[in-house]
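Asker: Please find one structure pasted underneath; my questions will follow.
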Amino acid sequence: MKPRAVILSLSSDYGCQVQMSNFPELLEMLSTFELGYWQLVSSGDMPQDYDVAIIEGAVTTDEQVALLEKVRSIASCVIAIGACAVTGGVPALASGGPVRGQLKDVYGSGSSKVGIGARKPEPIKHYIEVDFSIPGCPIEPAELSRTLQRALRALTDNPERQSMCGECKTAENICMWTQNVPCLGLIARSGCNAKCVSRGRACTACRGIAHDANLASAFAFADSMGCPPEEFDALLKIYNAMSDQELRKEAVGKIAAQEVAS
Amino acid sequence: MYFRILAKDHVSTFVEGLAHVYEVFAPVKNESGFSFEQVSDGSSIVLDYPMTIIPPKKYFVRSKESLFRYDTHSGDVVESELEVTPRVLFGVHACDINALLMTDKVFLGDYEDPYYKARREHTLIVGVSCMPVLTCMCDTWGTGEVQQGCDLFLTDLGDRYFVTCHSVEGAHVLDTFADTHEATAEDTKALEEHLRAFREAFSRPVDATSLQLLFDAKYNDELWEEIGEACLSCGACSAVCPTCYCFDVNDELDADGNAGARVRCWDSCMNSQFAEVAGGHDFRPTRASRVRYRFYHKFWSYPARYGKTLCVGCGRCDVACKVNINPRRIIGALQEGARS
């Protein structure tokens, strides 16, 4: 019997699910699983029982927290896909202040009628245990297929640890910094073959902050190149507002202290 | 001793002739700088280039390659992925040729690597002279000249090349595809002048006397902590290094899970996973220990085994490293400490 998988979404733009539907090997991939539910394309309900839950999107409501807890109690394997699910992604940009205040900023006097049960946006791992994380905005479908095969064989997650620069050099790109463009490749998790820089755009660290990243040194380097810590941190926040908050604060503080000292 | 003169006007014809028989790879200019690419049109080649971002090692140990494919049900190897076509690398600098001689020691030594070996054997190398840029330090290691490791070497004499032949096949392709003529006394004079200009173009000499001894004594120096604090652990240094050859091997399954590929890809000792072993023990758990390891491999342990420093002074790491970690700085820092 094939394991049953479900694909569901929390708060996101469904880009990763669209990306999956573009994957040429999608049918081959799904031949190893019974696809019980796919939120983007299914009209029916989620089945009561499944083995693998593939979840896109950030957690932004009480209802989603309850759903996640239920899913975790059923699925033996949970796979978070995409920046929103893995790091909080773009939704987590709104994690800095109280939700009610933000709703008021947007909706004014009618704000009490909207956003019932809204929470500060957070990645899935803040609520439930996640077995595999597939980062990126959007994901690399081939990475999902490799991960599903690992899950089937009861292997553990094996994320890339290094930051992007080595991979970007291997792709023979000119460094964005030499063209005075701040680039987050310095600290971004590798694994996409430096896709953006290869197409002439700076890395935004949509894959998250690398395990091996040296934030203090990267912030200091950026500062030396005329990109002050606040600016570098603002770039980093786009996809990583909730990641390594302490280390980032420390790095910003260290540079400020050095500037005061000099 | 076989040498000829090749007019620069005739290089395109030579390359195009070679391209009838071989796949030809040569430096070309693109948005990023210079890189070795396959060429069929001789006019796209740029032979007076400063350095390519990635050295020619990419043709011998690929950044990522499938070694073989296997059936996941039977466990059998179903196809070997080694396909070799006759190639010419045209326009390789002396430092990069010397780097290949160093990786040869590793891949053609006690444990022969069949992939590397087959590619090496089927690749002709045409070297080309250069003038140093600020980051070059081949003068320190004596790797700015070639005694072996190429088939032809072109030395730039302005409007022509002085071509020296280092192999029978090199002489054969030169005679077959290139319109050359005999060298005159004037050509020899121009060659002398080129060599003098090359020697005099190095403006930042590095004295590497007793370097290994210095490394030996300074294993616990606080320098390594300082360098470790700055290192971004990104692996740019090892990616661009012509003498960094470490790799990782992984299995990648097809989407349907019925077959897979055993994949080799470049690895870096800057990667925190590099020295981790089963059970989770890590031989080099800190950034400082990893960055130190890379320099000790290059300047202490490789020379201890093979009698030569594992650096050809190409300067690529100097360009690639955002936080200024490179042999010139390390050697300087070790020597400064020694004097104080």
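If you're wondering about the labels, chains in the structure tokens are A, B, ... by order shown, residues count from 1 in each chain, ligands from 1 in order shown.
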Residues near Arg153 in chain A, anyone? I mean within 12 Å using only C-alpha atoms, not counting same-chain ones fewer than 3 positions away, as a PyMOL selection string.

Answerer: (chain A and resi 3+32+77+146-150+156-157) or (chain B and resi 72+253+257)

Asker: How close does each residue of chain A get to chain B, giving the shortest atom pair and distance in Å to one decimal for every residue with an atom at most 10 Å away, counting only C-alpha atoms, sorted by chain and residue number, as JSON lines?

Answerer:
```
{"residue": "A:Glu25", "atom": "CA", "partner": "B:Ala255", "partner_atom": "CA", "distance": 6.5}
{"residue": "A:Leu26", "atom": "CA", "partner": "B:Ala255", "partner_atom": "CA", "distance": 7.7}
{"residue": "A:Leu27", "atom": "CA", "partner": "B:Asp256", "partner_atom": "CA", "distance": 8.4}
{"residue": "A:Glu28", "atom": "CA", "partner": "B:Asp256", "partner_atom": "CA", "distance": 4.8}
{"residue": "A:Met29", "atom": "CA", "partner": "B:Ala255", "partner_atom": "CA", "distance": 4.5}
{"residue": "A:Leu30", "atom": "CA", "partner": "B:Asp256", "partner_atom": "CA", "distance": 7.5}
{"residue": "A:Ser31", "atom": "CA", "partner": "B:Asp256", "partner_atom": "CA", "distance": 6.3}
{"residue": "A:Thr32", "atom": "CA", "partner": "B:Asp256", "partner_atom": "CA", "distance": 6.0}
{"residue": "A:Phe33", "atom": "CA", "partner": "B:Asp256", "partner_atom": "CA", "distance": 9.4}
{"residue": "A:Pro141", "atom": "CA", "partner": "B:Ala255", "partner_atom": "CA", "distance": 9.9}
{"residue": "A:Ala142", "atom": "CA", "partner": "B:Ala255", "partner_atom": "CA", "distance": 7.7}
{"residue": "A:Glu143", "atom": "CA", "partner": "B:Ala255", "partner_atom": "CA", "distance": 9.8}
{"residue": "A:Leu144", "atom": "CA", "partner": "B:Ala255", "partner_atom": "CA", "distance": 9.1}
{"residue": "A:Ser145", "atom": "CA", "partner": "B:Ala255", "partner_atom": "CA", "distance": 5.3}
{"residue": "A:Arg146", "atom": "CA", "partner": "B:Leu253", "partner_atom": "CA", "distance": 6.2}
{"residue": "A:Thr147", "atom": "CA", "partner": "B:Leu253", "partner_atom": "CA", "distance": 9.3}
{"residue": "A:Leu148", "atom": "CA", "partner": "B:Ala255", "partner_atom": "CA", "distance": 8.4}
{"residue": "A:Gln149", "atom": "CA", "partner": "B:Gly257", "partner_atom": "CA", "distance": 6.4}
{"residue": "A:Arg150", "atom": "CA", "partner": "B:Leu253", "partner_atom": "CA", "distance": 8.5}
{"residue": "A:Leu152", "atom": "CA", "partner": "B:Gly257", "partner_atom": "CA", "distance": 9.2}
{"residue": "A:Arg153", "atom": "CA", "partner": "B:Gly257", "partner_atom": "CA", "distance": 10.0}
{"residue": "A:Glu160", "atom": "CA", "partner": "B:Gln273", "partner_atom": "CA", "distance": 9.0}
{"residue": "A:Arg161", "atom": "CA", "partner": "B:Asn271", "partner_atom": "CA", "distance": 6.9}
{"residue": "A:Gln162", "atom": "CA", "partner": "B:Cys234", "partner_atom": "CA", "distance": 5.7}
{"residue": "A:Ser163", "atom": "CA", "partner": "B:Cys234", "partner_atom": "CA", "distance": 4.9}
{"residue": "A:Met164", "atom": "CA", "partner": "B:Cys234", "partner_atom": "CA", "distance": 6.5}
{"residue": "A:Cys165", "atom": "CA", "partner": "B:Cys234", "partner_atom": "CA", "distance": 5.5}
{"residue": "A:Gly166", "atom": "CA", "partner": "B:Ala236", "partner_atom": "CA", "distance": 3.7}
{"residue": "A:Glu167", "atom": "CA", "partner": "B:Ala236", "partner_atom": "CA", "distance": 7.4}
{"residue": "A:Cys168", "atom": "CA", "partner": "B:Ala236", "partner_atom": "CA", "distance": 8.0}
{"residue": "A:Lys169", "atom": "CA", "partner": "B:Ala236", "partner_atom": "CA", "distance": 6.1}
{"residue": "A:Thr170", "atom": "CA", "partner": "B:Ala239", "partner_atom": "CA", "distance": 5.9}
{"residue": "A:Ala171", "atom": "CA", "partner": "B:Ile54", "partner_atom": "CA", "distance": 8.5}
{"residue": "A:Glu172", "atom": "CA", "partner": "B:Ile53", "partner_atom": "CA", "distance": 5.8}
{"residue": "A:Asn173", "atom": "CA", "partner": "B:Ser32", "partner_atom": "CA", "distance": 5.4}
{"residue": "A:Ile174", "atom": "CA", "partner": "B:Ser32", "partner_atom": "CA", "distance": 4.4}
{"residue": "A:Cys175", "atom": "CA", "partner": "B:Ser32", "partner_atom": "CA", "distance": 8.1}
{"residue": "A:Met176", "atom": "CA", "partner": "B:Ser32", "partner_atom": "CA", "distance": 9.9}
{"residue": "A:Trp177", "atom": "CA", "partner": "B:Lys322", "partner_atom": "CA", "distance": 9.0}
{"residue": "A:Thr178", "atom": "CA", "partner": "B:Lys322", "partner_atom": "CA", "distance": 9.9}
{"residue": "A:Gly185", "atom": "CA", "partner": "B:Cys234", "partner_atom": "CA", "distance": 8.9}
{"residue": "A:Leu186", "atom": "CA", "partner": "B:Cys234", "partner_atom": "CA", "distance": 7.0}
{"residue": "A:Ile187", "atom": "CA", "partner": "B:Leu232", "partner_atom": "CA", "distance": 7.7}
{"residue": "A:Ala188", "atom": "CA", "partner": "B:Cys234", "partner_atom": "CA", "distance": 9.4}
{"residue": "A:Arg189", "atom": "CA", "partner": "B:Cys234", "partner_atom": "CA", "distance": 9.6}
{"residue": "A:Ser190", "atom": "CA", "partner": "B:Cys234", "partner_atom": "CA", "distance": 9.2}
{"residue": "A:Ser198", "atom": "CA", "partner": "B:Ser32", "partner_atom": "CA", "distance": 9.4}
{"residue": "A:Gly200", "atom": "CA", "partner": "B:Glu31", "partner_atom": "CA", "distance": 9.4}
{"residue": "A:Ala210", "atom": "CA", "partner": "B:Cys234", "partner_atom": "CA", "distance": 9.3}
{"residue": "A:His211", "atom": "CA", "partner": "B:Ser272", "partner_atom": "CA", "distance": 8.5}
{"residue": "A:Asp212", "atom": "CA", "partner": "B:Ser233", "partner_atom": "CA", "distance": 6.2}
{"residue": "A:Ala213", "atom": "CA", "partner": "B:Leu232", "partner_atom": "CA", "distance": 6.3}
{"residue": "A:Asn214", "atom": "CA", "partner": "B:Leu232", "partner_atom": "CA", "distance": 5.1}
{"residue": "A:Leu215", "atom": "CA", "partner": "B:Leu232", "partner_atom": "CA", "distance": 8.0}
{"residue": "A:Ala216", "atom": "CA", "partner": "B:Ala230", "partner_atom": "CA", "distance": 8.3}
{"residue": "A:Ser217", "atom": "CA", "partner": "B:Ala230", "partner_atom": "CA", "distance": 5.4}
{"residue": "A:Ala218", "atom": "CA", "partner": "B:Leu232", "partner_atom": "CA", "distance": 6.9}
{"residue": "A:Ala220", "atom": "CA", "partner": "B:Ala230", "partner_atom": "CA", "distance": 9.1}
{"residue": "A:Phe221", "atom": "CA", "partner": "B:Val323", "partner_atom": "CA", "distance": 6.9}
{"residue": "A:Ala222", "atom": "CA", "partner": "B:Lys322", "partner_atom": "CA", "distance": 9.6}
```

Asker: So which residues touch Ser210 in chain B within 12 Å, counting only C-alpha atoms, skipping near sequence neighbours fewer than 4 positions away, as a ChimeraX atom specification?

Answerer: /B:214-217,299-300,303,309,331,334-335,338

Asker: Quick one: everything within 10 Å of range 133-145 of chain B, counting only C-alpha atoms, minus sequence neighbours fewer than 5 positions away in the same chain. Send it as an NGL selection string.

Answerer: :B and (50-51 or 93-99 or 127 or 153 or 198-199 or 201-209 or 308-319 or 326-328)

Asker: Which polymer residues have any atom within 12 Å of an atom of Ala256 in chain A, counting only C-alpha atoms, with same-chain residues fewer than 6 positions away left out, as an NGL selection string?

Answerer: :A and (216 or 219-220 or 223 or 228-230 or 249-250 or 262)

Asker: May I ask for the distance between CA of Thr204 in chain A and CA of Ile124 in chain A, given in Å to one decimal place?

Answerer: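 Going from CA of Thr204 in chain A over to CA of Ile124 in chain A covers 20.8 Å.
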
Asker: Identify which of the residues B:Ile5, B:Leu82, B:Ala259, B:Leu124 lies closest to Val24 in chain B, counting only C-alpha atoms when measuring atom-to-atom distances.

Answerer: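 Distance minimum relative to Val24 in chain B lands on B:Leu124.
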